[in-house]
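Asks: Encoded as C-alpha cells, here's the structure I'll be asking about.
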Amino acid sequence: MKKNVKPDAKEASFNLWNKIIDTVKKVPAKYKALIGAGFFTLSSVSAESSDFHSSDKNETASERNYDAVSPAKRSKTISFDSAVAKQSIKAGGKYKGVDMHFAEMEAPDLGHLFESGMNPYIMGKSNGVNQYLGLYQMDIGGTMQTFLFGIKSKDKTVWEGVAKDYPQLASLGKTEAARRGKSFVKMFGDLSKNKDFRHRMDEYMRIVKYEPVYAALRQIEGLDFDKRGKVFLATVMSAANQNPSPKVISNIYTQALARAKAKASKNKGKVATADIILQSYEVRKEKWGLKSRYNEECRLALDWLKFEDVMNKIHQEREKHQKKTAELRKPLKEMTKFRPVSTLVAKQPEKIVLPNMSSQLVKSAKERKGR
C-alpha cells in the first residue's frame, strides 16, 4: 500500500520549527542583537504554531470550537449572531398564526396579515352578507368597482383601473352580485398571489385611500412622517385600512405623538419611533376596541422595527466601508495603466512572399539543397 507522506511531512516540518525555536532560546543575550531582534519573535508564536498544527488535523472541528478560544484573543471581533442575541433581535416569527419573515415583508403586509390573515380568497361579512374580499378586504361594492374600472374626478383620471390588463377578471366582476360569485373570488385570489397584481392593489390603495391620510399626517408638527421608515408607514396603512378618514387617522397620531413626547421629556431623550407606534395602538384600542388584535399587531410592528434598525445600521457600515475602500483603490488605479486584452494577444506572423524566380534559378536552388 502506498504510504501517505503528507501528514509525515507536516509532522517533520513542525518538529523542525520547534527545534529552531528551542535553539534560539538558548542563544546568549549578548549575541541576540547581532542576529537580529526580529528573529526572536519566533519564540513568542511557538504556542500558536502548535495550536495551528492541531487545528490543521481537523479544520471543521476547530471552527465549531470557536467559542472555546479565549475572550482576550477575540475581544475585537463581534459576530452578527452575537450582536443579534445581545439586542434580542428576531428575524421573524409567528403572528396571528402565520409565519412572518421580516426580510421579505413589505409595508402593506402588516395590514394584509391583520385584515385577511394573508388569505387572498377570504370573504369578510357585514350584517351576515359577504362584503369584503382579499388581502386588503376591499369592499366589493364601491372599492372593487373603482379598482377594476377606474375613477374620474372633475374630468381627470385619478385611477384608470386594471380592466384592460386583466380583462377576464373585469368580465367576471361587472356587478356587485357577480363579484360575490365563486368564479370571481377564485380568480381574484389566484391573481393576488402574483406580485405584479399585488403591487397594482398597493398602488390603488396608496393613490385612492392613503395619500390623503399621508397629507394630513405631514401637517402634524414633530411627527416627521417621511422620516419614520417602513414599519411606521405600515402601521399608518393598517389604520387607514380600517378608517380612511384623514381627520380620524390624524387625530390618532396627534395623540400618539403627544404621549411619546411626554415619555421622551420625562426620560430627557428624543421621541422614538417605537414609542409613537406603541401609543398609536393604545389610542386605537381606546377608540375602536379590538384589544387582542392591536396587542398582537403592535408586537409584530415593534419586533419588525428592531430588525429594520439593525439592518439599516449594517447597511450604513457597509456603505462606509465601501467608500473607504474606493478611496484607497483610486490612487492604485491611477498608478496602474490600463492594458487592453487585445495588446496581450500574440500577433499572427506575416506571410513571407518569395520573389518570382526563373525556372533555371529554381532548378539550381534545388540542386544545391543540403550543401
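Chain lettering (A, B, ...) mirrors the order of the C-alpha cells, residue numbering begins at 1 for each chain separately, and ligand numbering begins at 1 in order of display.
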Please identify all polymer residues within 12 Å of segment 268-271 of chain A, counting only C-alpha atoms, omitting same-chain residues fewer than 2 positions from it, and present them as a VMD selection string.
Replies: chain A and resid 222 to 224 228 256 to 266 273 to 277 279
Asks: Please produce a file of those selected residues containing N, CA and C atoms, as a compact mmCIF listing (two decimals), in the first residue's frame.
Replies:
# COMPACT_ATOMS: atom_id res chain seq x y z
N GLY A 222 -43.63 67.83 14.24
CA GLY A 222 -42.85 66.94 15.10
C GLY A 222 -43.05 65.47 14.80
N LEU A 223 -44.06 65.13 13.99
CA LEU A 223 -44.27 63.72 13.67
C LEU A 223 -43.22 63.22 12.69
N ASP A 224 -42.74 64.11 11.81
CA ASP A 224 -41.70 63.75 10.82
C ASP A 224 -42.11 62.51 10.04
N ARG A 228 -39.83 58.36 9.31
CA ARG A 228 -40.05 57.33 10.32
C ARG A 228 -39.85 55.91 9.80
N ALA A 256 -50.97 60.08 19.79
CA ALA A 256 -49.83 59.16 19.99
C ALA A 256 -48.53 59.95 20.13
N LEU A 257 -48.34 60.96 19.29
CA LEU A 257 -47.13 61.78 19.36
C LEU A 257 -47.04 62.52 20.68
N ALA A 258 -48.16 63.08 21.14
CA ALA A 258 -48.16 63.82 22.41
C ALA A 258 -47.74 62.91 23.57
N ARG A 259 -48.22 61.68 23.59
CA ARG A 259 -47.85 60.74 24.64
C ARG A 259 -46.38 60.34 24.54
N ALA A 260 -45.91 60.13 23.31
CA ALA A 260 -44.50 59.77 23.11
C ALA A 260 -43.57 60.93 23.52
N LYS A 261 -44.00 62.17 23.24
CA LYS A 261 -43.22 63.34 23.65
C LYS A 261 -43.14 63.45 25.16
N ALA A 262 -44.23 63.14 25.84
CA ALA A 262 -44.25 63.20 27.31
C ALA A 262 -43.26 62.20 27.89
N LYS A 263 -43.21 61.01 27.31
CA LYS A 263 -42.26 60.00 27.78
C LYS A 263 -40.83 60.44 27.52
N ALA A 264 -40.56 60.99 26.32
CA ALA A 264 -39.22 61.44 25.96
C ALA A 264 -38.77 62.58 26.88
N SER A 265 -39.68 63.48 27.20
CA SER A 265 -39.35 64.59 28.09
C SER A 265 -39.01 64.09 29.49
N LYS A 266 -39.77 63.11 29.94
CA LYS A 266 -39.52 62.54 31.27
C LYS A 266 -38.16 61.86 31.34
N THR A 273 -39.46 56.44 17.40
CA THR A 273 -40.50 55.91 16.50
C THR A 273 -41.25 54.78 17.18
N ALA A 274 -40.53 53.94 17.92
CA ALA A 274 -41.17 52.81 18.61
C ALA A 274 -42.25 53.29 19.58
N ASP A 275 -41.99 54.40 20.27
CA ASP A 275 -42.97 54.92 21.23
C ASP A 275 -44.20 55.48 20.53
N ILE A 276 -44.01 56.11 19.37
CA ILE A 276 -45.17 56.63 18.63
C ILE A 276 -46.02 55.45 18.15
N ILE A 277 -45.37 54.41 17.65
CA ILE A 277 -46.10 53.22 17.20
C ILE A 277 -46.88 52.61 18.35
N GLN A 279 -47.91 53.95 21.16
CA GLN A 279 -49.02 54.80 21.61
C GLN A 279 -50.14 54.87 20.57
Asks: So that I can check the surroundings of segment 140-151 of chain A, please list as a PyMOL selection string every protein, DNA and RNA residue that reaches within 12 Å of it, counting only C-alpha atoms and ignoring chain neighbours fewer than 2 positions away.
Replies: chain A and resi 123-126+129-134+136-138+153-181+184-185+188+197+200-209+241+244
Asks: Do you have the atom CA of Phe232 of chain A-atom CA of Ala301 of chain A distance handy?
Replies: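 Atom CA of Phe232 of chain A sits 8.0 Å away from atom CA of Ala301 of chain A.
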Asks: Quick one, how far is atom CA of Lys287 of chain A from atom CA of Phe114 of chain A?
Replies: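 Going from atom CA of Lys287 of chain A over to atom CA of Phe114 of chain A, I get 17.6 Å.
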Asks: Tell me which of A:Met357, A:Val310, A:Met105, A:Ile252 sits closest to Ala234 of chain A, counting only C-alpha atoms.
Replies: A:Met105
Asks: Compare A:Thr235, A:Asn194, A:Asn127, A:Asn267 by their minimum atom-to-atom distance to Tyr281 of chain A, counting only C-alpha atoms, and give me the closest one.
Replies: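 With only C-alpha atoms as the atom set, the closest residue is A:Thr235.
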Asks: Taking only C-alpha atoms into account, which of A:Arg368, A:His321, A:Pro120, A:Trp304 comes nearest Met100 of chain A?
Replies: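 Comparing A:Arg368, A:His321, A:Pro120, A:Trp304 against Met100 of chain A, the winner is A:Trp304.
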Asks: Write down as a PyMOL selection string the residues of segment 138-250 of chain A whose backbone DSSP state falls under helix (DSSP H, G or I).
Replies: chain A and resi 142-149+167-172+176-179+182-192+195-217+225-227+229-242+246-250
Asks: Between A:Lys230, A:Lys90, A:Lys96, A:Arg218, which is the closest to Pro108 of chain A once you count only C-alpha atoms?
Replies: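 Using only C-alpha atoms, Pro108 of chain A sits closest to A:Lys230.
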Asks: With DSSP run on the backbone, what are the strand (DSSP E) residues within segment 126-326 of chain A? I'd like them as a ChimeraX atom specification.
Replies: /A:126,129-133,138-139,151-153,156-159
Asks: Which residues are close to Lys306 of chain A, i.e. within 12 Å by only C-alpha atoms, leaving aside same-chain residues fewer than 4 positions away? Reply as a list in words.
Replies: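 That gives Val84, Gln87, Ser88, Ile89, Lys90, Ala91, Gly92, Phe102, Ala103, Gly229, Lys230, Val231, Phe232, Ala272, Thr273, Ala274, Arg299, Leu300, Ala301, Leu302, Val310, Met311, Asn312 and Lys313 of chain A.
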Asks: Go ahead and compute the interatomic distance for atom CA of Tyr253 of chain A and atom CA of Glu296 of chain A, in Å to one decimal.
Replies: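 According to the coordinates, atom CA of Tyr253 of chain A and atom CA of Glu296 of chain A are separated by 19.0 Å.
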Asks: Closest to Tyr214 of chain A among A:Cys298, A:Val98, A:Leu191, A:Ala240, using only C-alpha atoms?
Replies: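 Of A:Cys298, A:Val98, A:Leu191, A:Ala240, the one nearest Tyr214 of chain A is A:Ala240, counting only C-alpha atoms.
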